[in-house]
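upload.csv, holding CSV, C-alpha atoms and all ligand atoms:
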chain,number,residue,atom,x,y,z
A,1,MET,CA,-32.6,-52.0,-15.0
A,2,ASN,CA,-33.6,-54.4,-12.3
A,3,SER,CA,-35.5,-52.7,-9.5
A,4,ARG,CA,-33.3,-54.0,-6.6
A,5,LEU,CA,-30.3,-52.4,-8.3
A,6,ILE,CA,-32.2,-49.1,-8.6
A,7,LEU,CA,-33.1,-49.2,-4.9
A,8,ALA,CA,-29.5,-50.0,-3.9
A,9,LEU,CA,-28.2,-47.1,-6.0
A,10,SER,CA,-30.8,-44.6,-4.6
A,11,LEU,CA,-29.9,-45.6,-1.1
A,12,LEU,CA,-26.2,-45.1,-1.8
A,13,ILE,CA,-26.8,-41.7,-3.3
A,14,ALA,CA,-29.0,-40.7,-0.4
A,15,ALA,CA,-26.3,-41.9,2.1
A,16,LEU,CA,-23.6,-39.9,0.2
A,17,TYR,CA,-25.7,-36.8,0.1
A,18,GLY,CA,-26.6,-37.0,3.7
A,19,SER,CA,-23.0,-37.4,4.9
A,20,VAL,CA,-21.8,-34.5,2.7
A,21,LEU,CA,-24.5,-32.4,4.3
A,22,TRP,CA,-23.7,-33.5,7.8
A,23,PHE,CA,-20.0,-33.0,7.5
A,24,GLY,CA,-20.5,-29.8,5.7
A,25,LEU,CA,-22.7,-28.2,8.2
A,26,SER,CA,-20.8,-29.4,11.3
A,27,GLY,CA,-17.4,-29.0,9.7
A,28,PRO,CA,-15.3,-26.0,10.8
A,29,HIS,CA,-14.9,-24.3,7.4
A,30,LEU,CA,-18.5,-24.2,6.4
A,31,ALA,CA,-19.6,-23.1,9.8
A,32,THR,CA,-17.3,-20.0,9.5
A,33,TRP,CA,-18.0,-19.4,5.9
A,34,TRP,CA,-20.9,-17.0,6.4
A,35,THR,CA,-19.5,-15.2,9.4
A,36,GLN,CA,-16.0,-14.5,7.9
A,37,PRO,CA,-16.2,-13.0,4.5
A,38,THR,CA,-12.6,-12.0,4.5
A,39,ALA,CA,-9.8,-14.5,5.0
A,40,PRO,CA,-7.9,-14.4,8.4
A,41,ALA,CA,-4.4,-12.9,8.1
A,42,GLY,CA,-1.8,-15.1,6.6
A,43,THR,CA,-4.1,-17.7,5.2
A,44,MET,CA,-4.3,-16.8,1.5
A,45,PRO,CA,-1.2,-17.1,-0.8
A,46,TRP,CA,0.7,-14.0,-1.8
A,47,HIS,CA,-0.6,-12.8,-5.1
A,48,ALA,CA,0.9,-10.6,-7.8
A,49,PRO,CA,-0.6,-7.1,-7.6
A,50,ALA,CA,-2.7,-6.3,-10.7
A,51,THR,CA,-1.2,-3.7,-13.0
A,52,GLU,CA,-4.5,-1.9,-13.0
A,53,SER,CA,-3.9,-1.1,-9.4
A,54,ILE,CA,-0.9,1.1,-10.3
A,55,PRO,CA,-2.0,4.6,-9.2
A,56,THR,CA,-2.6,7.2,-12.0
A,57,ASP,CA,-0.5,9.9,-10.4
A,58,ALA,CA,3.2,10.8,-10.9
A,59,GLN,CA,4.4,7.9,-8.7
A,60,GLY,CA,2.2,5.6,-10.8
A,61,GLU,CA,3.9,6.9,-14.0
A,62,LEU,CA,7.3,6.1,-12.4
A,63,ILE,CA,6.2,2.6,-11.5
A,64,ARG,CA,4.9,2.0,-15.1
A,65,GLU,CA,8.2,3.3,-16.5
A,66,GLY,CA,10.1,0.9,-14.2
A,67,ARG,CA,8.0,-2.0,-15.4
A,68,ARG,CA,8.7,-1.1,-19.0
A,69,ILE,CA,12.4,-1.0,-18.4
A,70,PHE,CA,12.2,-4.3,-16.5
A,71,ILE,CA,10.4,-6.2,-19.2
A,72,ALA,CA,12.0,-4.6,-22.3
A,73,THR,CA,15.4,-3.5,-21.0
A,74,PRO,CA,17.2,-3.3,-24.4
A,75,GLN,CA,14.5,-1.0,-25.6
A,76,PHE,CA,13.8,1.3,-22.6
A,77,ALA,CA,17.3,1.4,-21.1
A,78,ALA,CA,19.1,1.2,-24.5
A,79,ASP,CA,22.0,3.4,-23.4
A,80,HIS,CA,22.8,1.1,-20.5
A,81,ALA,CA,22.2,-2.4,-21.9
A,82,ARG,CA,24.3,-3.8,-24.7
A,83,SER,CA,22.9,-7.3,-24.4
A,84,LEU,CA,19.5,-8.3,-25.9
A,85,VAL,CA,18.4,-9.7,-22.5
A,86,SER,CA,15.7,-8.1,-20.4
A,87,CYS,CA,15.6,-8.1,-16.6
A,88,SER,CA,12.4,-10.3,-16.8
A,89,ASP,CA,14.2,-12.9,-19.1
A,90,CYS,CA,16.0,-14.0,-15.9
A,91,HIS,CA,13.8,-12.5,-13.2
A,92,MET,CA,10.8,-14.2,-14.7
A,93,GLY,CA,7.1,-13.4,-14.5
A,94,GLU,CA,8.0,-9.7,-14.5
A,95,GLY,CA,10.0,-10.2,-11.4
A,96,ILE,CA,7.6,-12.2,-9.3
A,97,ARG,CA,8.3,-15.8,-10.1
A,98,PRO,CA,9.6,-17.8,-7.1
A,99,TYR,CA,13.1,-19.2,-7.5
A,100,ALA,CA,13.8,-17.2,-10.6
A,101,ALA,CA,15.5,-14.6,-8.4
A,102,PRO,CA,12.3,-12.5,-7.8
A,103,MET,CA,12.2,-8.9,-6.8
A,104,VAL,CA,9.4,-9.2,-4.3
A,105,GLY,CA,10.4,-8.2,-0.8
A,106,LEU,CA,13.9,-6.9,-1.7
A,107,PRO,CA,13.4,-3.4,-0.4
A,108,ALA,CA,13.1,-4.8,3.1
A,109,ILE,CA,16.2,-7.0,2.7
A,110,PHE,CA,18.6,-4.4,1.2
A,111,PRO,CA,21.1,-2.9,2.2
A,112,THR,CA,22.7,-6.2,2.7
A,113,TYR,CA,26.1,-7.9,2.6
A,114,ASN,CA,27.2,-8.9,-0.9
A,115,LYS,CA,29.7,-11.7,-1.2
A,116,ARG,CA,31.0,-10.6,-4.7
A,117,ALA,CA,31.5,-7.0,-3.6
A,118,GLY,CA,32.7,-8.0,-0.1
A,119,ARG,CA,30.7,-5.2,1.6
A,120,VAL,CA,27.2,-4.1,2.4
A,121,ILE,CA,25.4,-2.8,-0.8
A,122,SER,CA,22.2,-1.0,-1.5
A,123,LEU,CA,19.4,-2.2,-3.7
A,124,SER,CA,20.4,0.3,-6.4
A,125,GLU,CA,24.0,-0.9,-6.3
A,126,ARG,CA,22.7,-4.5,-6.8
A,127,ILE,CA,20.7,-3.3,-9.8
A,128,GLN,CA,23.9,-1.7,-11.2
A,129,GLU,CA,25.6,-5.1,-10.8
A,130,CYS,CA,23.1,-6.6,-13.2
A,131,PHE,CA,23.5,-3.7,-15.6
A,132,VAL,CA,27.3,-4.1,-15.9
A,133,ARG,CA,27.2,-7.9,-15.9
A,134,SER,CA,23.9,-9.5,-17.0
A,135,GLU,CA,23.0,-6.6,-19.3
A,136,ASN,CA,26.7,-6.3,-20.4
A,137,GLY,CA,26.1,-2.6,-20.2
A,138,THR,CA,27.0,0.5,-18.2
A,139,PRO,CA,25.7,1.7,-14.7
A,140,LEU,CA,22.7,4.0,-14.6
A,141,ASP,CA,22.9,7.4,-13.1
A,142,PRO,CA,22.2,6.4,-9.4
A,143,GLN,CA,20.1,9.6,-9.0
A,144,GLY,CA,18.5,9.4,-12.4
A,145,ARG,CA,15.0,8.7,-13.6
A,146,GLU,CA,15.6,5.1,-14.8
A,147,MET,CA,17.0,4.0,-11.4
A,148,HIS,CA,14.1,5.7,-9.5
A,149,ALA,CA,11.7,4.0,-11.9
A,150,LEU,CA,13.1,0.5,-11.3
A,151,LEU,CA,13.2,1.1,-7.5
A,152,ALA,CA,9.6,2.3,-7.6
A,153,TYR,CA,8.5,-0.8,-9.6
A,154,ILE,CA,10.2,-3.1,-7.2
A,155,ASP,CA,8.7,-1.3,-4.2
A,156,TRP,CA,5.2,-1.6,-5.8
A,157,LEU,CA,5.7,-5.4,-6.3
A,158,SER,CA,6.7,-5.6,-2.7
A,159,THR,CA,3.7,-3.8,-1.2
A,160,PRO,CA,2.8,-5.7,2.0
A,161,GLN,CA,-0.3,-7.8,1.7
A,162,PRO,CA,-1.5,-8.1,5.4
A,163,THR,CA,-4.2,-10.7,4.8
A,164,ARG,CA,-2.0,-13.0,2.8
A,165,ARG,CA,0.9,-15.4,3.4
A,166,LYS,CA,4.4,-13.9,3.0
A,167,PHE,CA,6.0,-14.3,-0.4
A,168,ILE,CA,8.5,-17.1,-0.6
A,169,GLY,CA,11.0,-18.2,-3.2
A,170,ARG,CA,13.9,-15.6,-3.0
A,171,GLY,CA,16.9,-16.4,-5.1
A,172,LEU,CA,17.3,-19.7,-6.9
A,173,VAL,CA,16.7,-23.4,-5.8
A,174,ASN,CA,19.5,-25.2,-4.0
A,175,LEU,CA,20.9,-28.0,-6.1
A,176,PRO,CA,23.4,-30.6,-4.9
A,177,VAL,CA,27.0,-30.0,-6.2
A,178,LEU,CA,27.5,-32.5,-9.1
A,179,THR,CA,30.3,-33.1,-11.7
A,180,PRO,CA,29.0,-31.8,-15.0
A,181,ASN,CA,29.4,-33.6,-18.4
A,182,PRO,CA,29.4,-30.9,-21.1
A,183,ALA,CA,29.1,-33.5,-24.0
A,184,ARG,CA,25.9,-34.7,-22.5
A,185,GLY,CA,24.9,-31.1,-22.0
A,186,GLN,CA,25.4,-30.4,-25.7
A,187,ARG,CA,23.1,-33.3,-26.6
A,188,LEU,CA,20.4,-32.2,-24.2
A,189,TYR,CA,20.7,-28.6,-25.5
A,190,ALA,CA,20.0,-29.7,-29.1
A,191,PHE,CA,16.9,-31.6,-28.0
A,192,GLN,CA,15.5,-29.4,-25.2
A,193,CYS,CA,16.6,-25.9,-25.7
A,194,ALA,CA,17.7,-25.1,-29.3
A,195,GLY,CA,14.1,-24.9,-30.5
A,196,CYS,CA,13.7,-21.6,-28.6
A,197,HIS,CA,17.3,-20.4,-28.0
A,198,GLY,CA,18.7,-21.4,-31.4
A,199,THR,CA,21.5,-23.8,-32.3
A,200,THR,CA,23.9,-20.8,-32.2
A,201,GLY,CA,22.6,-19.7,-28.8
A,202,ALA,CA,21.5,-16.4,-30.2
A,203,GLY,CA,17.8,-17.0,-29.4
A,204,TYR,CA,15.0,-15.3,-31.4
A,205,THR,CA,14.8,-11.9,-29.7
A,206,PRO,CA,12.8,-10.4,-28.1
A,207,GLN,CA,10.7,-13.5,-27.5
A,208,PHE,CA,13.5,-16.0,-26.8
A,209,PRO,CA,16.7,-14.4,-25.3
A,210,PRO,CA,20.3,-15.3,-26.2
A,211,LEU,CA,22.3,-17.6,-24.0
A,212,TRP,CA,25.8,-17.0,-25.6
A,213,GLY,CA,27.4,-14.9,-28.3
A,214,PRO,CA,27.7,-11.1,-28.6
A,215,ASP,CA,24.1,-10.3,-27.4
A,216,ALA,CA,24.1,-12.5,-24.3
A,217,PHE,CA,25.1,-11.8,-20.6
A,218,ASN,CA,28.9,-11.3,-20.2
A,219,ASP,CA,31.4,-13.6,-18.5
A,220,GLY,CA,31.1,-11.7,-15.2
A,221,ALA,CA,27.4,-12.3,-14.8
A,222,GLY,CA,25.8,-14.4,-12.1
A,223,MET,CA,24.1,-16.5,-14.8
A,224,ASN,CA,27.6,-17.3,-16.1
A,225,GLN,CA,28.5,-19.1,-12.9
A,226,ILE,CA,27.8,-22.8,-13.5
A,227,PRO,CA,26.1,-23.6,-10.1
A,228,LYS,CA,23.8,-20.5,-10.4
A,229,MET,CA,22.9,-21.3,-14.1
A,230,ALA,CA,22.2,-24.9,-13.2
A,231,ALA,CA,19.8,-23.8,-10.4
A,232,PHE,CA,18.0,-21.4,-12.7
A,233,ILE,CA,17.7,-24.0,-15.5
A,234,GLN,CA,16.6,-26.9,-13.3
A,235,HIS,CA,13.7,-25.0,-11.8
A,236,ASN,CA,12.6,-22.7,-14.7
A,237,MET,CA,13.6,-24.3,-18.1
A,238,PRO,CA,12.5,-25.6,-20.6
A,239,GLN,CA,10.1,-22.6,-20.3
A,240,ASN,CA,7.2,-24.7,-21.7
A,241,ARG,CA,8.0,-27.7,-19.4
A,242,PRO,CA,9.7,-26.5,-16.2
A,243,GLY,CA,10.5,-29.1,-13.6
A,244,THR,CA,11.2,-31.9,-16.2
A,245,LEU,CA,15.0,-31.7,-15.9
A,246,ASN,CA,16.9,-33.3,-13.0
A,247,ALA,CA,19.9,-31.7,-11.2
A,248,GLN,CA,22.4,-33.6,-13.4
A,249,ASP,CA,20.8,-32.5,-16.6
A,250,ALA,CA,20.9,-28.9,-15.3
A,251,TRP,CA,24.6,-29.1,-14.4
A,252,ASP,CA,25.5,-30.6,-17.8
A,253,LEU,CA,23.5,-27.9,-19.7
A,254,ALA,CA,25.0,-25.1,-17.6
A,255,ASP,CA,28.5,-26.4,-18.2
A,256,TYR,CA,27.9,-26.6,-21.9
A,257,ILE,CA,26.4,-23.1,-22.1
A,258,HIS,CA,29.2,-21.7,-19.9
A,259,SER,CA,31.8,-23.2,-22.3
A,260,GLN,CA,30.4,-21.2,-25.2
A,261,PRO,CA,31.7,-17.6,-25.9
A,262,HIS,CA,30.3,-14.7,-23.9
A,263,PRO,CA,31.3,-11.0,-24.1
A,264,ALA,CA,34.1,-10.0,-21.7
A,265,PHE,CA,33.1,-8.2,-18.4
A,266,ASN,CA,34.6,-4.7,-18.3
A,267,PRO,CA,37.0,-4.8,-15.3
A,268,ALA,CA,36.4,-1.0,-14.9
A,269,TYR,CA,33.2,-2.0,-13.2
A,270,GLN,CA,34.8,-4.5,-10.8
A,271,HIS,CA,33.5,-2.6,-7.8
A,272,TYR,CA,29.9,-3.6,-8.8
A,301,LIG,C1,21.1,-13.0,-17.6
A,301,LIG,C2,20.3,-13.1,-16.4
A,301,LIG,C3,20.0,-11.8,-15.7
A,301,LIG,C4,19.5,-10.6,-16.2
A,301,LIG,C5,19.3,-10.2,-17.6
A,301,LIG,C6,19.3,-9.7,-15.0
A,301,LIG,N1,19.6,-10.4,-13.9
A,301,LIG,FE1,19.5,-9.7,-12.0
A,301,LIG,N2,20.2,-11.4,-11.3
A,301,LIG,C7,20.5,-12.5,-12.0
A,301,LIG,C8,21.1,-13.6,-11.2
A,301,LIG,C9,21.5,-14.9,-11.6
A,301,LIG,C10,21.0,-13.0,-9.8
A,301,LIG,C11,21.5,-13.7,-8.6
A,301,LIG,C12,20.4,-14.6,-8.0
A,301,LIG,C13,20.9,-15.3,-6.7
A,301,LIG,O1,22.1,-15.6,-6.6
A,301,LIG,O2,20.1,-15.6,-5.9
A,301,LIG,C14,20.5,-11.7,-9.9
A,301,LIG,C15,20.2,-10.9,-8.9
A,301,LIG,C16,19.5,-9.6,-8.9
A,301,LIG,C17,19.1,-8.9,-7.8
A,301,LIG,C18,19.3,-9.3,-6.3
A,301,LIG,C19,18.3,-10.4,-6.0
A,301,LIG,C20,18.3,-10.9,-4.5
A,301,LIG,O3,17.5,-11.7,-4.2
A,301,LIG,O4,19.2,-10.4,-3.8
A,301,LIG,C21,18.5,-7.7,-8.3
A,301,LIG,C22,17.9,-6.6,-7.4
A,301,LIG,C23,18.6,-7.8,-9.7
A,301,LIG,N3,19.2,-9.0,-10.1
A,301,LIG,C24,18.0,-6.9,-10.6
A,301,LIG,C25,18.1,-6.9,-11.9
A,301,LIG,C26,17.6,-5.9,-12.8
A,301,LIG,C27,16.9,-4.6,-12.4
A,301,LIG,C28,17.9,-6.3,-14.1
A,301,LIG,C29,17.6,-5.6,-15.4
A,301,LIG,C30,18.2,-4.3,-15.5
A,301,LIG,C31,18.5,-7.6,-14.0
A,301,LIG,N4,18.6,-7.9,-12.7
A,301,LIG,C32,18.9,-8.4,-15.1
A,301,LIG,C33,20.4,-12.6,-13.4
A,301,LIG,C34,20.0,-11.6,-14.2
A,302,LIG,C1,9.6,-22.9,-25.2
A,302,LIG,C2,10.7,-22.1,-25.4
A,302,LIG,C3,11.9,-22.3,-24.5
A,302,LIG,C4,12.6,-23.5,-24.3
A,302,LIG,C5,12.3,-24.9,-24.9
A,302,LIG,C6,13.7,-23.2,-23.4
A,302,LIG,N1,13.7,-21.9,-23.1
A,302,LIG,FE1,15.0,-20.9,-21.9
A,302,LIG,N2,13.9,-19.2,-22.0
A,302,LIG,C7,12.7,-19.1,-22.8
A,302,LIG,C8,12.2,-17.8,-22.5
A,302,LIG,C9,10.9,-17.2,-23.2
A,302,LIG,C10,13.0,-17.1,-21.6
A,302,LIG,C11,12.8,-15.8,-20.9
A,302,LIG,C12,12.0,-15.9,-19.7
A,302,LIG,C13,10.5,-15.9,-19.9
A,302,LIG,O1,10.0,-15.1,-20.6
A,302,LIG,O2,9.8,-16.8,-19.4
A,302,LIG,C14,14.1,-18.1,-21.3
A,302,LIG,C15,15.2,-17.8,-20.5
A,302,LIG,C16,16.3,-18.6,-20.3
A,302,LIG,C17,17.5,-18.2,-19.6
A,302,LIG,C18,17.8,-16.9,-18.9
A,302,LIG,C19,17.9,-15.8,-19.9
A,302,LIG,C20,19.1,-15.7,-20.7
A,302,LIG,O3,19.1,-15.2,-21.8
A,302,LIG,O4,20.2,-16.0,-20.2
A,302,LIG,C21,18.3,-19.3,-19.6
A,302,LIG,C22,19.7,-19.4,-19.0
A,302,LIG,C23,17.6,-20.4,-20.4
A,302,LIG,N3,16.4,-19.9,-20.8
A,302,LIG,C24,18.1,-21.6,-20.6
A,302,LIG,C25,17.4,-22.7,-21.2
A,302,LIG,C26,17.9,-24.0,-21.3
A,302,LIG,C27,19.2,-24.5,-20.9
A,302,LIG,C28,16.9,-24.7,-22.0
A,302,LIG,C29,16.8,-26.2,-22.3
A,302,LIG,C30,16.8,-27.1,-21.2
A,302,LIG,C31,15.8,-23.8,-22.3
A,302,LIG,N4,16.2,-22.5,-21.8
A,302,LIG,C32,14.7,-24.1,-23.0
A,302,LIG,C33,12.2,-20.0,-23.6
A,302,LIG,C34,12.6,-21.3,-23.7

This structure in structure tokens:
Amino acid sequence: MNSRLILALSLLIAALYGSVLWFGLSGPHLATWWTQPTAPAGTMPWHAPATESIPTDAQGELIREGRRIFIATPQFAADHARSLVSCSDCHMGEGIRPYAAPMVGLPAIFPTYNKRAGRVISLSERIQECFVRSENGTPLDPQGREMHALLAYIDWLSTPQPTRRKFIGRGLVNLPVLTPNPARGQRLYAFQCAGCHGTTGAGYTPQFPPLWGPDAFNDGAGMNQIPKMAAFIQHNMPQNRPGTLNAQDAWDLADYIHSQPHPAFNPAYQHY
């Protein structure tokens, strides 16, 4: 290499190194780096609590049981779930995924007004709603162990994290209201969804949940409302490539899935 080029390169490297050092030492973040080992309140993102941090006492056992019911509902709440769908199949990431209707923070929000019920309902009544609709099942004993376990799990997920930013992402994303095209939805389904949820919509349980047919959510479920299903799908599916569908794709898919057969909601549970 020619010596003038080597000299020029060394000068460049020295200049870069010097400026990094200068900005670094005089910049605000490096100056406070040594003096503030813990982050100031509200600066770090909310993070999911580690399951190892569940206490080992009786309350901890209740939390663990709630988590088991939440992630494998047909197995651990078999008497109350007729579908083969777990809470965490819709409330993804074990109930913490933003915009997949997460559970984080709900104990501070409930009791709250519920449009479907037309009155103020408690968190346990909201859980019953999902049992009789999304799980196509029957309500839990409101004072029973399973309900207490689910509430304990949701409380534990919602433990305040004073040094961190507040959790965001309640509910589902807001999509524009579009006119769906179910024929296009059917084509998209075959290419983008059938690999995991099956051409018959029955899924491959327990890994891939059903979307229609006898083992799916019933026709009274929130997921069976086209706008809600579209919002869920647009932000969260396909599970291996979320964010790749646009709003029109999601409306078309939701309309197609909605048009397939679902178990009938039992009107005896209309008050939920
Ligand atoms: C088939 C999908 C599905 C399943 C399974 C399901 N849910 Fe839901 N759940 C929903 C939808 C959709 C909503 C409404 C989200 C919205 O409108 O923001 C919801 C709402 C909720 C809410 C209120 C959330 C809020 O922000 O107010 C709670 C609590 C809840 N579900 C608990 C459960 C529990 C516990 C289970 C398991 C026993 C369960 N759900 C199973 C789809 C489901
Ligand atoms: C790579 C596999 C995969 C693909 C592809 C996929 N999903 Fe899913 N889907 C899942 C899994 C797994 C869940 C459960 C949530 C979780 O564990 O992440 C799920 C959950 C769902 C749910 C809520 C649960 C239920 O049973 O009602 C809906 C609705 C859904 N998917 C729709 C779709 C649609 C529409 C497509 C195509 C655009 C799609 N999925 C593509 C794997 C997949």

Pick out the closest residue to ligand LIG 302 (chain A) from this set: A:Asp79, A:Asp89, A:Asp219, A:Glu61. Count all atoms listed in the file. A:Asp89

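For Pro238 in chain A, the non-local neighbours within 12 Å, defined as residues at least 4 positions apart in the same chain or in other chains and counting all atoms listed in the file, are Leu188, Tyr189, Phe191, Gln192, Cys193, Ala194, Gly195, Cys196, His197, Phe208, Phe232, Ile233, Gln234, Pro242, Gly243, Thr244, Leu245, Asn246, Asp249, Ala250 and Leu253 of chain A.
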
Those residues with C-alpha atoms, as a PDB file, in the coordinates of the input please?
ATOM      1  CA  LEU A 188      20.400 -32.200 -24.200  1.00  0.00           C
ATOM      2  CA  TYR A 189      20.700 -28.600 -25.500  1.00  0.00           C
ATOM      3  CA  PHE A 191      16.900 -31.600 -28.000  1.00  0.00           C
ATOM      4  CA  GLN A 192      15.500 -29.400 -25.200  1.00  0.00           C
ATOM      5  CA  CYS A 193      16.600 -25.900 -25.700  1.00  0.00           C
ATOM      6  CA  ALA A 194      17.700 -25.100 -29.300  1.00  0.00           C
ATOM      7  CA  GLY A 195      14.100 -24.900 -30.500  1.00  0.00           C
ATOM      8  CA  CYS A 196      13.700 -21.600 -28.600  1.00  0.00           C
ATOM      9  CA  HIS A 197      17.300 -20.400 -28.000  1.00  0.00           C
ATOM     10  CA  PHE A 208      13.500 -16.000 -26.800  1.00  0.00           C
ATOM     11  CA  PHE A 232      18.000 -21.400 -12.700  1.00  0.00           C
ATOM     12  CA  ILE A 233      17.700 -24.000 -15.500  1.00  0.00           C
ATOM     13  CA  GLN A 234      16.600 -26.900 -13.300  1.00  0.00           C
ATOM     14  CA  PRO A 242       9.700 -26.500 -16.200  1.00  0.00           C
ATOM     15  CA  GLY A 243      10.500 -29.100 -13.600  1.00  0.00           C
ATOM     16  CA  THR A 244      11.200 -31.900 -16.200  1.00  0.00           C
ATOM     17  CA  LEU A 245      15.000 -31.700 -15.900  1.00  0.00           C
ATOM     18  CA  ASN A 246      16.900 -33.300 -13.000  1.00  0.00           C
ATOM     19  CA  ASP A 249      20.800 -32.500 -16.600  1.00  0.00           C
ATOM     20  CA  ALA A 250      20.900 -28.900 -15.300  1.00  0.00           C
ATOM     21  CA  LEU A 253      23.500 -27.900 -19.700  1.00  0.00           C
TER      22      LEU A 253
END

Find the distance between atom C3 of ligand LIG 302 (chain A) and CA of Thr138 in chain A and write it in Å to one decimal. 28.1 Å

Provide the CA of Gly144 in chain A to CA of Ser124 in chain A distance in Å, to one decimal place.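 Pair CA of Gly144 in chain A / CA of Ser124 in chain A returns 11.1 Å.
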
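In terms of minimum interatomic distance to Ile109 in chain A, A:Asp155 ranks closest within A:Thr43, A:Asp155, A:Arg82, A:Ser134, counting only C-alpha atoms.
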
Protein and nucleic residues near ligand LIG 301 (chain A), 6 Å, only C-alpha atoms and all ligand atoms, as a CSV table (one decimal) with C-alpha atoms, in the frame of the given file:
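So result_34.csv came out as:
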chain,number,residue,atom,x,y,z
A,70,PHE,CA,12.2,-4.3,-16.5
A,85,VAL,CA,18.4,-9.7,-22.5
A,86,SER,CA,15.7,-8.1,-20.4
A,87,CYS,CA,15.6,-8.1,-16.6
A,89,ASP,CA,14.2,-12.9,-19.1
A,90,CYS,CA,16.0,-14.0,-15.9
A,101,ALA,CA,15.5,-14.6,-8.4
A,123,LEU,CA,19.4,-2.2,-3.7
A,126,ARG,CA,22.7,-4.5,-6.8
A,127,ILE,CA,20.7,-3.3,-9.8
A,130,CYS,CA,23.1,-6.6,-13.2
A,131,PHE,CA,23.5,-3.7,-15.6
A,134,SER,CA,23.9,-9.5,-17.0
A,135,GLU,CA,23.0,-6.6,-19.3
A,170,ARG,CA,13.9,-15.6,-3.0
A,171,GLY,CA,16.9,-16.4,-5.1
A,172,LEU,CA,17.3,-19.7,-6.9
A,217,PHE,CA,25.1,-11.8,-20.6
A,222,GLY,CA,25.8,-14.4,-12.1
A,223,MET,CA,24.1,-16.5,-14.8

Mind writing range 50-62 of chain A to a file for me, with N, CA and C atoms, as a PDB file, in the first residue's frame?
ATOM      1  N   ALA A  50     -40.210 -12.571  35.423  1.00  0.00           N
ATOM      2  CA  ALA A  50     -39.677 -13.922  35.188  1.00  0.00           C
ATOM      3  C   ALA A  50     -40.472 -14.928  36.006  1.00  0.00           C
ATOM      4  N   THR A  51     -40.779 -16.080  35.408  1.00  0.00           N
ATOM      5  CA  THR A  51     -41.572 -17.072  36.151  1.00  0.00           C
ATOM      6  C   THR A  51     -40.830 -17.532  37.409  1.00  0.00           C
ATOM      7  N   GLU A  52     -39.481 -17.443  37.403  1.00  0.00           N
ATOM      8  CA  GLU A  52     -38.723 -17.852  38.612  1.00  0.00           C
ATOM      9  C   GLU A  52     -39.027 -16.915  39.780  1.00  0.00           C
ATOM     10  N   SER A  53     -39.584 -15.718  39.459  1.00  0.00           N
ATOM     11  CA  SER A  53     -39.853 -14.787  40.551  1.00  0.00           C
ATOM     12  C   SER A  53     -41.207 -15.057  41.221  1.00  0.00           C
ATOM     13  N   ILE A  54     -41.930 -16.083  40.777  1.00  0.00           N
ATOM     14  CA  ILE A  54     -43.180 -16.449  41.463  1.00  0.00           C
ATOM     15  C   ILE A  54     -42.793 -17.003  42.835  1.00  0.00           C
ATOM     16  N   PRO A  55     -43.397 -16.465  43.913  1.00  0.00           N
ATOM     17  CA  PRO A  55     -42.998 -16.930  45.252  1.00  0.00           C
ATOM     18  C   PRO A  55     -43.241 -18.442  45.431  1.00  0.00           C
ATOM     19  N   THR A  56     -42.580 -19.019  46.428  1.00  0.00           N
ATOM     20  CA  THR A  56     -42.705 -20.478  46.630  1.00  0.00           C
ATOM     21  C   THR A  56     -43.798 -20.820  47.639  1.00  0.00           C
ATOM     22  N   ASP A  57     -44.500 -19.804  48.159  1.00  0.00           N
ATOM     23  CA  ASP A  57     -45.536 -20.070  49.168  1.00  0.00           C
ATOM     24  C   ASP A  57     -46.884 -20.448  48.522  1.00  0.00           C
ATOM     25  N   ALA A  58     -47.943 -20.478  49.328  1.00  0.00           N
ATOM     26  CA  ALA A  58     -49.272 -20.897  48.851  1.00  0.00           C
ATOM     27  C   ALA A  58     -49.782 -19.953  47.760  1.00  0.00           C
ATOM     28  N   GLN A  59     -49.516 -18.642  47.914  1.00  0.00           N
ATOM     29  CA  GLN A  59     -49.943 -17.673  46.900  1.00  0.00           C
ATOM     30  C   GLN A  59     -49.229 -17.969  45.582  1.00  0.00           C
ATOM     31  N   GLY A  60     -47.948 -18.328  45.672  1.00  0.00           N
ATOM     32  CA  GLY A  60     -47.166 -18.669  44.483  1.00  0.00           C
ATOM     33  C   GLY A  60     -47.743 -19.889  43.785  1.00  0.00           C
ATOM     34  N   GLU A  61     -48.176 -20.857  44.561  1.00  0.00           N
ATOM     35  CA  GLU A  61     -48.775 -22.069  43.979  1.00  0.00           C
ATOM     36  C   GLU A  61     -50.053 -21.703  43.219  1.00  0.00           C
ATOM     37  N   LEU A  62     -50.823 -20.760  43.777  1.00  0.00           N
ATOM     38  CA  LEU A  62     -52.058 -20.305  43.126  1.00  0.00           C
ATOM     39  C   LEU A  62     -51.725 -19.609  41.794  1.00  0.00           C
TER      40      LEU A  62
END
